[in-house]
$ cat target_18.csv   # CSV, C-alpha atoms
chain,number,residue,atom,x,y,z
B,170,MET,CA,42.7,203.7,79.1
B,171,LYS,CA,40.3,206.2,80.7
B,172,ARG,CA,40.1,209.5,79.1
B,173,CYS,CA,41.7,212.2,81.2
B,174,GLY,CA,39.6,215.3,81.2
B,175,ILE,CA,40.8,218.9,81.5
B,176,ALA,CA,40.5,218.8,85.2
B,177,CYS,CA,42.7,215.8,85.4
B,178,VAL,CA,45.3,217.4,83.2
B,179,VAL,CA,45.3,220.5,85.3
B,180,LEU,CA,45.7,218.4,88.4
B,181,LEU,CA,48.6,216.5,86.9
B,182,LEU,CA,50.3,219.7,85.8
B,183,ALA,CA,49.8,221.3,89.3
B,184,ALA,CA,51.3,218.1,90.9
B,185,ALA,CA,54.3,218.4,88.5
B,186,VAL,CA,54.9,222.0,89.4
B,187,VAL,CA,54.7,221.4,93.2
B,188,GLY,CA,56.9,218.3,92.8
B,189,ALA,CA,59.5,220.4,90.9
B,190,GLN,CA,60.0,222.6,94.0
B,191,SER,CA,61.6,219.6,95.8
B,192,GLN,CA,63.5,216.6,94.5
B,193,SER,CA,61.6,213.4,94.9
B,194,HIS,CA,63.0,210.9,97.4
B,195,ASP,CA,63.9,208.5,94.6
B,196,ALA,CA,66.0,211.0,92.8
B,197,LEU,CA,68.1,211.9,95.9
B,198,PRO,CA,71.6,210.5,96.1
B,199,ASP,CA,72.6,208.3,99.1
B,200,TRP,CA,74.9,210.3,101.3
B,201,SER,CA,74.4,208.0,104.3
B,202,GLY,CA,77.2,207.0,106.6
B,203,VAL,CA,79.8,208.9,108.6
B,204,TRP,CA,82.4,211.1,106.9
B,205,GLN,CA,85.6,212.9,107.9
B,206,MET,CA,87.3,215.8,106.2
B,207,ASN,CA,90.5,215.0,104.4
B,208,GLY,CA,93.6,216.9,105.6
B,209,GLY,CA,94.1,219.4,108.4
B,210,THR,CA,92.1,222.5,109.3
B,211,VAL,CA,93.8,224.9,106.9
B,212,PHE,CA,90.8,226.1,104.8
B,213,ASP,CA,92.4,226.6,101.4
B,214,ARG,CA,95.0,223.8,101.3
B,215,ALA,CA,95.7,224.5,97.6
B,216,THR,CA,97.3,227.8,98.4
B,217,ALA,CA,98.7,227.1,101.8
B,218,LYS,CA,102.3,228.0,102.3
B,219,GLY,CA,104.6,227.1,105.2
B,220,GLU,CA,104.9,223.9,107.1
B,221,GLY,CA,102.4,222.5,109.5
B,222,GLY,CA,98.8,223.3,110.3
B,223,ALA,CA,96.6,226.3,110.8
B,224,LEU,CA,98.2,227.0,114.1
B,225,SER,CA,101.8,226.7,112.9
B,226,ARG,CA,103.8,229.9,112.8
B,227,GLY,CA,104.4,231.0,109.2
B,228,VAL,CA,101.6,229.0,107.6
B,229,ARG,CA,99.2,231.1,105.5
B,230,GLU,CA,96.8,230.8,102.5
B,231,GLN,CA,96.4,233.1,99.5
B,232,PRO,CA,92.8,234.2,99.1
B,233,PRO,CA,92.4,236.9,96.4
B,234,TYR,CA,92.1,239.7,99.0
B,235,ASN,CA,92.2,243.3,98.1
B,236,ALA,CA,94.8,245.4,99.9
B,237,GLU,CA,92.5,246.4,102.8
B,238,TRP,CA,91.5,242.8,103.6
B,239,GLU,CA,95.0,241.4,103.0
B,240,ALA,CA,96.1,243.9,105.7
B,241,ILE,CA,93.4,242.5,108.0
B,242,TYR,CA,94.7,238.9,107.3
B,243,GLN,CA,98.3,240.0,108.0
B,244,ARG,CA,97.2,241.4,111.3
B,245,ASN,CA,95.5,238.1,112.2
B,246,LEU,CA,98.5,236.0,111.0
B,247,LYS,CA,100.7,238.1,113.3
B,248,LEU,CA,98.3,237.6,116.2
B,249,ARG,CA,98.2,233.9,115.5
B,250,ASP,CA,102.0,233.8,115.6
B,251,GLU,CA,101.9,235.5,119.0
B,252,ASN,CA,99.2,233.2,120.3
B,253,ARG,CA,96.9,236.2,120.5
B,254,LEU,CA,94.4,235.2,117.9
B,255,PRO,CA,91.4,234.0,120.0
B,256,ASP,CA,89.6,231.1,118.4
B,257,PRO,CA,85.8,231.2,118.8
B,258,ILE,CA,86.0,227.4,119.4
B,259,ASN,CA,88.0,228.1,122.6
B,260,THR,CA,85.3,230.4,124.0
B,261,CYS,CA,82.8,227.5,123.9
B,262,GLY,CA,79.3,228.4,123.0
B,263,THR,CA,79.2,230.0,119.6
B,264,PRO,CA,78.8,227.9,116.4
B,265,ALA,CA,81.7,227.5,114.0
B,266,GLY,CA,79.5,229.0,111.3
B,267,PHE,CA,79.8,228.7,107.6
B,268,PRO,CA,82.1,228.0,105.7
B,269,ARG,CA,84.2,227.1,108.8
B,270,LEU,CA,82.0,224.1,109.6
B,271,MET,CA,83.1,222.6,106.3
B,272,ASN,CA,86.6,222.7,107.7
B,273,VAL,CA,86.5,221.0,111.2
B,274,PRO,CA,87.9,217.8,112.6
B,275,ASP,CA,85.9,214.8,113.7
B,276,THR,CA,82.9,213.5,111.8
B,277,TYR,CA,80.3,214.8,109.3
B,278,GLU,CA,76.8,213.4,108.6
B,279,PHE,CA,74.7,214.6,105.7
B,280,VAL,CA,70.9,214.2,106.1
B,281,VAL,CA,69.2,214.5,102.7
B,282,ARG,CA,65.5,215.0,102.3
B,283,PRO,CA,63.6,216.5,99.3
B,284,GLU,CA,62.8,219.8,101.0
B,285,GLN,CA,66.0,220.2,103.0
B,286,THR,CA,69.5,219.0,103.6
B,287,TRP,CA,71.3,219.1,107.0
B,288,ILE,CA,75.0,219.0,107.5
B,289,LEU,CA,75.8,217.8,111.0
B,290,THR,CA,79.3,218.2,112.4
B,291,GLU,CA,80.4,216.2,115.4
B,292,ASN,CA,82.9,218.9,116.3
B,293,GLY,CA,81.0,221.9,117.8
B,294,PRO,CA,78.6,220.4,117.3
B,295,ASN,CA,77.2,222.4,114.3
B,296,VAL,CA,74.0,222.1,112.2
B,297,MET,CA,73.8,223.6,108.8
B,298,ARG,CA,70.4,223.8,107.1
B,299,ILE,CA,70.0,224.1,103.3
B,300,TYR,CA,66.5,224.7,102.1
B,301,THR,CA,65.6,223.1,98.8
B,302,ASP,CA,61.9,223.7,98.9
B,303,GLY,CA,62.1,226.6,96.4
B,304,ARG,CA,62.2,229.4,98.9
B,305,PRO,CA,64.5,232.3,98.1
B,306,HIS,CA,66.8,234.1,100.6
B,307,PRO,CA,64.9,236.5,102.7
B,308,ALA,CA,65.0,240.1,101.5
B,309,PRO,CA,68.1,242.0,102.7
B,310,GLU,CA,66.1,244.0,105.2
B,311,ASP,CA,64.9,240.7,106.6
B,312,ARG,CA,68.3,239.3,107.1
B,313,TRP,CA,71.1,239.8,109.6
B,314,PRO,CA,74.5,238.2,110.0
B,315,THR,CA,74.4,234.8,111.7
B,316,TYR,CA,77.2,232.3,112.2
B,317,THR,CA,75.8,229.8,109.7
B,318,GLY,CA,74.2,232.3,107.4
B,319,ASP,CA,71.1,231.6,105.2
B,320,SER,CA,71.4,228.8,102.6
B,321,VAL,CA,69.0,227.9,99.8
B,322,GLY,CA,69.7,225.4,97.1
B,323,HIS,CA,68.5,223.0,94.4
B,324,TRP,CA,69.6,219.7,93.0
B,325,GLU,CA,71.3,219.4,89.6
B,326,GLY,CA,71.2,215.6,89.2
B,327,ASP,CA,73.3,214.2,92.0
B,328,THR,CA,74.8,217.5,93.0
B,329,LEU,CA,73.4,219.8,95.7
B,330,VAL,CA,74.0,223.4,94.7
B,331,PHE,CA,73.5,225.9,97.4
B,332,ASP,CA,73.9,229.6,97.9
B,333,THR,CA,74.9,231.1,101.3
B,334,VAL,CA,74.7,234.7,102.4
B,335,SER,CA,74.4,236.6,105.8
B,336,THR,CA,77.5,235.0,107.4
B,337,ARG,CA,79.2,236.5,110.4
B,338,MET,CA,82.9,237.0,110.1
B,339,SER,CA,83.5,240.6,109.2
B,340,HIS,CA,84.2,242.0,112.7
B,341,TYR,CA,86.4,239.1,113.9
B,342,PRO,CA,87.9,239.0,116.5
B,343,GLU,CA,85.6,241.6,118.0
B,344,SER,CA,81.9,241.1,118.5
B,345,GLY,CA,82.0,237.3,118.9
B,346,ASP,CA,82.3,236.8,115.2
B,347,THR,CA,83.5,233.5,113.8
B,348,VAL,CA,86.5,233.0,111.5
B,349,LEU,CA,87.2,230.7,108.5
B,350,ASP,CA,90.2,228.9,110.0
B,351,ARG,CA,92.8,229.4,112.7
B,352,THR,CA,95.2,231.2,110.5
B,353,GLY,CA,92.7,234.1,110.9
B,354,LEU,CA,90.9,234.0,107.5
B,355,VAL,CA,87.9,236.3,107.4
B,356,LEU,CA,85.3,237.6,104.9
B,357,SER,CA,83.1,240.7,104.9
B,358,ASP,CA,79.4,240.9,105.4
B,359,ALA,CA,79.1,240.9,101.6
B,360,ALA,CA,80.4,237.3,101.4
B,361,HIS,CA,78.4,235.2,99.0
B,362,ILE,CA,79.3,231.5,98.7
B,363,VAL,CA,78.0,229.0,96.2
B,364,THR,CA,78.8,225.4,97.1
B,365,ARG,CA,78.4,222.3,94.9
B,366,LEU,CA,78.3,219.2,97.0
B,367,ARG,CA,78.3,215.8,95.4
B,368,LYS,CA,79.5,212.3,96.1
B,369,VAL,CA,82.4,211.7,93.7
B,370,ASN,CA,82.6,207.9,94.5
B,371,ASP,CA,81.4,205.6,97.2
B,372,ASP,CA,84.0,206.8,99.6
B,373,THR,CA,84.4,210.5,98.7
B,374,LEU,CA,82.2,213.6,99.0
B,375,GLU,CA,83.4,216.8,97.5
B,376,ALA,CA,82.4,220.4,98.2
B,377,ARG,CA,83.5,222.9,95.6
B,378,MET,CA,83.0,226.4,96.9
B,379,VAL,CA,83.1,229.6,94.9
B,380,ILE,CA,83.4,232.5,97.4
B,381,GLU,CA,82.7,236.0,96.2
B,382,ASP,CA,83.0,239.1,98.4
B,383,ALA,CA,82.6,242.5,96.7
B,384,LYS,CA,84.2,244.2,99.8
B,385,ALA,CA,87.1,241.9,100.5
B,386,LEU,CA,88.0,239.9,97.3
B,387,THR,CA,89.3,241.0,93.9
B,388,ALA,CA,88.2,237.8,92.2
B,389,PRO,CA,86.1,234.6,93.0
B,390,TRP,CA,88.0,232.4,95.5
B,391,ASN,CA,87.7,228.7,94.7
B,392,VAL,CA,88.2,226.2,97.5
B,393,ILE,CA,87.7,222.4,97.3
B,394,LYS,CA,87.1,220.3,100.4
B,395,THR,CA,86.8,216.6,100.4
B,396,TYR,CA,85.5,214.1,102.9
B,397,ARG,CA,86.1,210.4,103.1
B,398,LYS,CA,83.7,207.8,104.3
B,399,LEU,CA,84.5,206.1,107.6
B,400,PRO,CA,83.9,202.4,108.1
B,401,LYS,CA,80.3,201.1,108.4
B,402,GLY,CA,79.3,201.1,112.1
B,403,THR,CA,81.3,204.1,113.0
B,404,ARG,CA,79.8,205.9,116.0
B,405,VAL,CA,79.4,209.6,116.4
B,406,TYR,CA,79.4,211.1,119.9
B,407,ASP,CA,78.4,214.3,121.5
B,408,TYR,CA,80.9,217.1,121.9
B,409,ALA,CA,80.8,219.6,124.7
B,410,CYS,CA,83.5,222.2,124.4
B,411,ALA,CA,82.8,223.3,128.0
B,412,GLU,CA,83.3,219.8,129.4
B,413,ASN,CA,87.0,220.3,130.2
B,414,ASN,CA,88.2,223.4,128.4
B,415,ARG,CA,91.8,223.9,129.6
B,416,ASN,CA,92.5,226.4,126.8
B,417,PRO,CA,90.4,229.5,127.7
B,418,VAL,CA,91.2,232.9,126.2
B,419,ASP,CA,92.6,235.4,128.7
B,420,ALA,CA,90.3,238.4,128.2
B,421,ALA,CA,93.0,240.8,129.4
B,422,THR,CA,95.7,239.8,127.0
B,423,GLY,CA,93.9,238.0,124.3
B,424,LYS,CA,96.2,235.0,124.7
B,425,THR,CA,95.0,231.4,124.7
B,426,LEU,CA,96.0,229.9,128.1
B,427,ILE,CA,96.8,226.4,129.1
B,428,LEU,CA,95.3,225.5,132.5
B,429,GLY,CA,97.2,223.2,134.8
B,430,PRO,CA,95.5,220.4,136.7
B,431,ASP,CA,94.8,222.8,139.5
B,432,GLY,CA,92.9,225.1,137.1
B,433,LYS,CA,95.5,227.8,137.2
B,434,PRO,CA,97.3,229.0,134.0
B,435,LEU,CA,100.6,227.4,133.2
B,436,GLY,CA,103.5,229.5,132.2
B,437,ASN,CA,103.2,233.0,131.0
B,438,GLY,CA,101.1,232.4,127.9
B,439,LYS,CA,103.8,233.2,125.4
X,85,MET,CA,74.6,200.1,96.9
X,86,ARG,CA,75.6,197.6,99.6
X,87,SER,CA,78.7,195.5,98.9
X,88,ILE,CA,78.4,191.8,99.7
X,89,GLU,CA,81.4,190.5,101.7
X,90,PRO,CA,82.1,186.9,101.9
X,91,SER,CA,81.8,185.8,105.5
X,92,ILE,CA,85.4,184.6,105.6
X,93,VAL,CA,86.6,188.0,104.6
X,94,ARG,CA,84.4,189.6,107.2
X,95,ALA,CA,85.8,187.3,109.9
X,96,ALA,CA,89.4,187.9,108.8
X,97,ARG,CA,88.8,191.6,109.0
X,98,HIS,CA,87.6,191.4,112.6
X,99,VAL,CA,90.6,189.4,113.5
X,100,ILE,CA,93.0,191.9,111.9
X,101,VAL,CA,91.3,194.8,113.6
X,102,GLY,CA,91.5,193.0,116.9
X,103,VAL,CA,95.2,192.4,116.5
X,104,VAL,CA,95.9,195.9,115.5
X,105,VAL,CA,93.9,197.4,118.5
X,106,THR,CA,95.5,195.2,121.1
X,107,SER,CA,99.1,195.3,119.9
X,108,THR,CA,100.0,198.7,118.4
X,109,LEU,CA,97.7,201.7,118.5
X,110,LEU,CA,99.5,203.5,115.7
X,111,THR,CA,97.5,206.3,114.3
X,112,SER,CA,97.7,206.8,110.6
X,113,SER,CA,95.3,209.7,110.3
X,114,PRO,CA,96.1,213.3,109.7
X,115,PRO,CA,98.3,214.9,112.5
X,116,LEU,CA,96.2,215.5,115.6
X,117,VAL,CA,98.3,218.6,116.4
X,118,ALA,CA,96.7,220.6,113.6
X,119,HIS,CA,93.9,221.9,115.8
X,120,HIS,CA,95.4,222.2,119.2
X,121,ALA,CA,96.0,225.3,121.3
X,122,GLY,CA,99.0,225.2,119.2
X,123,THR,CA,101.5,228.0,119.0
X,124,MET,CA,102.4,227.7,122.7
X,125,PHE,CA,103.9,224.3,122.0
X,126,ASN,CA,107.2,224.2,120.1
X,127,GLU,CA,106.6,221.9,117.1
X,128,ASP,CA,110.3,221.9,116.3
X,129,GLU,CA,111.3,220.3,119.5
X,130,THR,CA,110.5,216.8,120.8
X,131,LYS,CA,111.0,216.1,124.5
X,132,GLN,CA,111.0,212.6,126.0
X,133,LEU,CA,109.6,212.2,129.5
X,134,VAL,CA,109.6,209.1,131.7
X,135,GLY,CA,107.0,208.8,134.4
X,136,THR,CA,103.8,207.2,135.7
X,137,ILE,CA,100.2,208.0,134.8
X,138,LYS,CA,98.4,210.1,137.4
X,139,GLU,CA,95.2,210.6,135.4
X,140,PHE,CA,93.8,210.3,131.8
X,141,GLN,CA,91.1,213.0,131.2
X,142,PHE,CA,89.2,211.5,128.3
X,143,THR,CA,87.3,214.6,127.6
X,144,ASN,CA,86.4,217.3,125.1
X,145,PRO,CA,87.6,219.6,123.6
X,146,HIS,CA,90.9,217.9,124.4
X,147,SER,CA,92.0,214.8,126.3
X,148,TRP,CA,94.8,215.4,128.8
X,149,ILE,CA,97.3,212.9,130.1
X,150,GLN,CA,98.6,213.8,133.5
X,151,VAL,CA,102.0,212.2,134.0
X,152,LEU,CA,104.2,212.3,137.2
X,153,VAL,CA,107.8,212.7,135.9
X,154,GLN,CA,110.8,212.1,138.2
X,155,THR,CA,113.1,215.0,137.3
X,156,THR,CA,115.4,215.4,140.3
X,157,PRO,CA,116.2,212.2,142.4
X,158,GLY,CA,114.8,212.6,145.9
X,159,ALA,CA,112.6,215.5,145.0
X,160,PRO,CA,108.8,215.1,144.5
X,161,PRO,CA,107.9,214.2,140.9
X,162,GLN,CA,106.7,217.0,138.6
X,163,GLU,CA,103.2,216.7,137.1
X,164,TRP,CA,103.2,217.2,133.4
X,165,SER,CA,100.0,218.0,131.4
X,166,ILE,CA,100.0,216.4,128.0
X,167,GLU,CA,97.4,217.7,125.6
X,168,TRP,CA,95.9,215.2,123.1
X,169,GLY,CA,92.8,215.1,120.9
X,170,SER,CA,89.1,214.7,121.2
X,171,PRO,CA,88.0,211.3,122.6
X,172,ASN,CA,85.5,211.2,119.8
X,173,GLN,CA,88.3,210.9,117.2
X,174,LEU,CA,90.8,209.0,119.4
X,175,SER,CA,88.3,206.3,120.2
X,176,ARG,CA,87.8,205.7,116.5
X,177,GLN,CA,91.6,205.0,116.4
X,178,GLY,CA,91.4,202.5,119.2
X,179,VAL,CA,92.1,204.7,122.2
X,180,ARG,CA,90.1,204.0,125.4
X,181,PRO,CA,90.0,205.4,128.9
X,182,ALA,CA,92.1,202.4,129.9
X,183,THR,CA,94.8,203.2,127.4
X,184,PHE,CA,96.5,205.3,130.1
X,185,ALA,CA,95.6,203.6,133.3
X,186,PHE,CA,96.6,205.1,136.7
X,187,GLY,CA,100.0,204.0,137.9
X,188,THR,CA,101.2,202.8,134.5
X,189,LYS,CA,104.8,203.5,133.7
X,190,VAL,CA,105.2,205.2,130.4
X,191,THR,CA,107.7,207.1,128.2
X,192,MET,CA,106.1,210.0,126.5
X,193,ARG,CA,107.2,212.0,123.5
X,194,VAL,CA,105.8,215.6,123.4
X,195,HIS,CA,106.2,219.0,121.8
X,196,PRO,CA,107.0,220.9,125.0
X,197,MET,CA,105.7,224.4,125.9
X,198,ARG,CA,108.0,227.1,124.7
X,199,ASP,CA,108.4,228.7,128.1
X,200,GLY,CA,109.4,225.5,129.8
X,201,SER,CA,106.2,225.0,131.8
X,202,PRO,CA,105.4,221.3,132.5
X,203,ALA,CA,103.1,220.8,129.6
X,204,GLY,CA,103.3,219.6,126.0
X,205,SER,CA,101.3,218.3,123.1
X,206,PHE,CA,101.2,214.5,122.6
X,207,ILE,CA,103.3,212.8,119.9
X,208,ALA,CA,103.6,209.3,121.2
X,209,ALA,CA,103.9,207.0,124.2
X,210,LYS,CA,105.7,203.7,124.9
X,211,PHE,CA,104.9,201.3,127.7
X,212,ASP,CA,107.2,198.9,129.5
X,213,ASP,CA,106.0,196.0,127.4
X,214,GLY,CA,107.1,197.7,124.2
X,215,LYS,CA,103.6,198.6,123.1
X,216,THR,CA,103.3,202.1,121.6
X,217,VAL,CA,100.6,204.7,121.0
X,218,GLY,CA,100.8,207.4,118.5
X,219,ARG,CA,103.7,208.2,116.2
X,220,TRP,CA,106.6,206.7,118.1
X,221,GLU,CA,108.9,206.2,115.1
$ encode --input "target_18.csv" --output "structure tokens"
Amino acid sequence: MKRCGIACVVLLLAAAVVGAQSQSHDALPDWSGVWQMNGGTVFDRATAKGEGGALSRGVREQPPYNAEWEAIYQRNLKLRDENRLPDPINTCGTPAGFPRLMNVPDTYEFVVRPEQTWILTENGPNVMRIYTDGRPHPAPEDRWPTYTGDSVGHWEGDTLVFDTVSTRMSHYPESGDTVLDRTGLVLSDAAHIVTRLRKVNDDTLEARMVIEDAKALTAPWNVIKTYRKLPKGTRVYDYACAENNRNPVDAATGKTLILGPDGKPLGNGK
Amino acid sequence: MRSIEPSIVRAARHVIVGVVVTSTLLTSSPPLVAHHAGTMFNEDETKQLVGTIKEFQFTNPHSWIQVLVQTTPGAPPQEWSIEWGSPNQLSRQGVRPATFAFGTKVTMRVHPMRDGSPAGSFIAAKFDDGKTVGRWE
């Protein structure tokens, strides 16, 4: 065995440090394939009350809101029941954002590389980027609210742990902000979400989210979403919301319309 | 880790899938109504319509089935707009553009619009030959 001089040791140590910033390819789990969220698009199914889905009258969830933000949610629930809660998805052209993109129909793909992971949703479509190259979040003065926020993470064995800030939900429904689900769940600009994403078994991916929000929540909010693997060979297609959107939002009334075949609204939008 | 399937099992699987797709397109996935325009349709009411297919808009964000429904004898048929899901997802359940071909006679079950407009959200359809799509039972 050749003797390794000091220079060699230094080089090896440097390589180890650089390597530690990103997981090596060999250590990454296999999240290949096409996945689909289990259950409907109610975000927190563990606390959901009422019958039906996010759009069903009377259905709501129980995030640990403080009084101020519970009042905002009550307002949104009432608007939802009156068909006056505009869904950003209906306006066609803004991303679902995070965490909503963890809660959409159609398929998911997870692209995993040492320095970054991408979550691709067919619905939208949406792209989520999680940097795992060791970079921190930008300083607060270098950040602003975006739909998908800023996410940085690291691997703990087979689990991707990532931290998301700078999301854009606090002024919904004004200002083109997004929402968590169609019951009208929102968070403030102080929202801070830590997600643990791992493959539980060959057919199941699980996202455990701990949502903290100093302005809106009295306690951490725990939400678990799971995704099942679709059969091998499943195709994913493009998705253009503007292809044939017959559910535009009436700017005057805030109601979601249904357009007839002639392009004119049906009924009175109630 | 790849699983190794005996070729006979693979062949049987293809036959079963083929039979399922051609005979009954029963969807067993989560309810598609969960993400529709939603509150304007009365989820507590089911309406049955008999008519013929005018058009199947196999598009995003929603597919739409246009059905000509004979309501009053002698009067022109009424055109109903039936909202369904994304073709991305429907296609993975065996639905194709040809599933609702122009001129086909069909019985539709829908959640109608609350205000009585000729529109509803799709529950199921049944054709003259007995084949069904969606949650007929």
$ closest_residue --input "target_18.csv" --among "B:Thr364, B:Thr333, B:Thr286, B:Asn272" --to "chain X" --atoms "all atoms listed in the file"
B:Asn272
$ interface_residues --input "target_18.csv" --of "chain B" --to "chain X" --cutoff "7 Å" --atoms "all atoms listed in the file" --output "number ranges by chain"
B: 208-210, 222-226, 250, 252, 275, 406, 408-410, 412-414, 416, 429, 435-436, 439
$ closest_residue --input "target_18.csv" --among "B:Ser344, B:Val281, B:Trp313, B:Asp332" --to "Val379 in chain B" --atoms "all atoms listed in the file"
B:Asp332
$ residues_near_point --input "target_18.csv" --point "(85.8, 242.7, 113.5)" --cutoff "12 Å" --atoms "all atoms listed in the file" --output "PyMOL selection string"
chain B and resi 238+241-242+244-245+337-348+353-358
$ atom_distance --input "target_18.csv" --atom1 "CA of Arg397 in chain B" --atom2 "CA of Asp302 in chain B"
27.9 Å
$ atom_distance --input "target_18.csv" --atom1 "CA of Ala308 in chain B" --atom2 "CA of Leu366 in chain B"
25.2 Å
$ residues_near_point --input "target_18.csv" --point "(75.4, 218.3, 109.6)" --cutoff "10 Å" --atoms "all atoms listed in the file" --output "JSON, numbers by chain"
{"B": [270, 271, 276, 277, 278, 279, 280, 286, 287, 288, 289, 290, 291, 294, 295, 296, 297, 298]}
$ write_last_selection --input "target_18.csv" --atoms "C-alpha atoms" --output "compact mmCIF listing (two decimals), in the frame of the given file"
# COMPACT_ATOMS: atom_id res chain seq x y z
CA LEU B 270 82.00 224.10 109.60
CA MET B 271 83.10 222.60 106.30
CA THR B 276 82.90 213.50 111.80
CA TYR B 277 80.30 214.80 109.30
CA GLU B 278 76.80 213.40 108.60
CA PHE B 279 74.70 214.60 105.70
CA VAL B 280 70.90 214.20 106.10
CA THR B 286 69.50 219.00 103.60
CA TRP B 287 71.30 219.10 107.00
CA ILE B 288 75.00 219.00 107.50
CA LEU B 289 75.80 217.80 111.00
CA THR B 290 79.30 218.20 112.40
CA GLU B 291 80.40 216.20 115.40
CA PRO B 294 78.60 220.40 117.30
CA ASN B 295 77.20 222.40 114.30
CA VAL B 296 74.00 222.10 112.20
CA MET B 297 73.80 223.60 108.80
CA ARG B 298 70.40 223.80 107.10
$ axis_aligned_box --input "target_18.csv" --around "range 135-152 of chain X" --padding-each-side "6 Å" --output "lines of an AutoDock Vina configuration file"
center_x = 96.7
center_y = 213.4
center_z = 130.5
size_x = 32.6
size_y = 24.4
size_z = 25.8
$ closest_residue --input "target_18.csv" --among "B:Met378, B:Val273, B:Leu386, B:Ala360" --to "Glu237 in chain B" --atoms "only C-alpha atoms"
B:Leu386
$ closest_residue --input "target_18.csv" --among "X:Ala182, X:Ala159, X:Ile166, X:Val134" --to "Ile207 in chain X" --atoms "only C-alpha atoms"
X:Ile166
$ closest_residue --input "target_18.csv" --among "B:Leu197, B:Ala215, B:Leu349, B:Met206" --to "Ala265 in chain B" --atoms "only C-alpha atoms"
B:Leu349
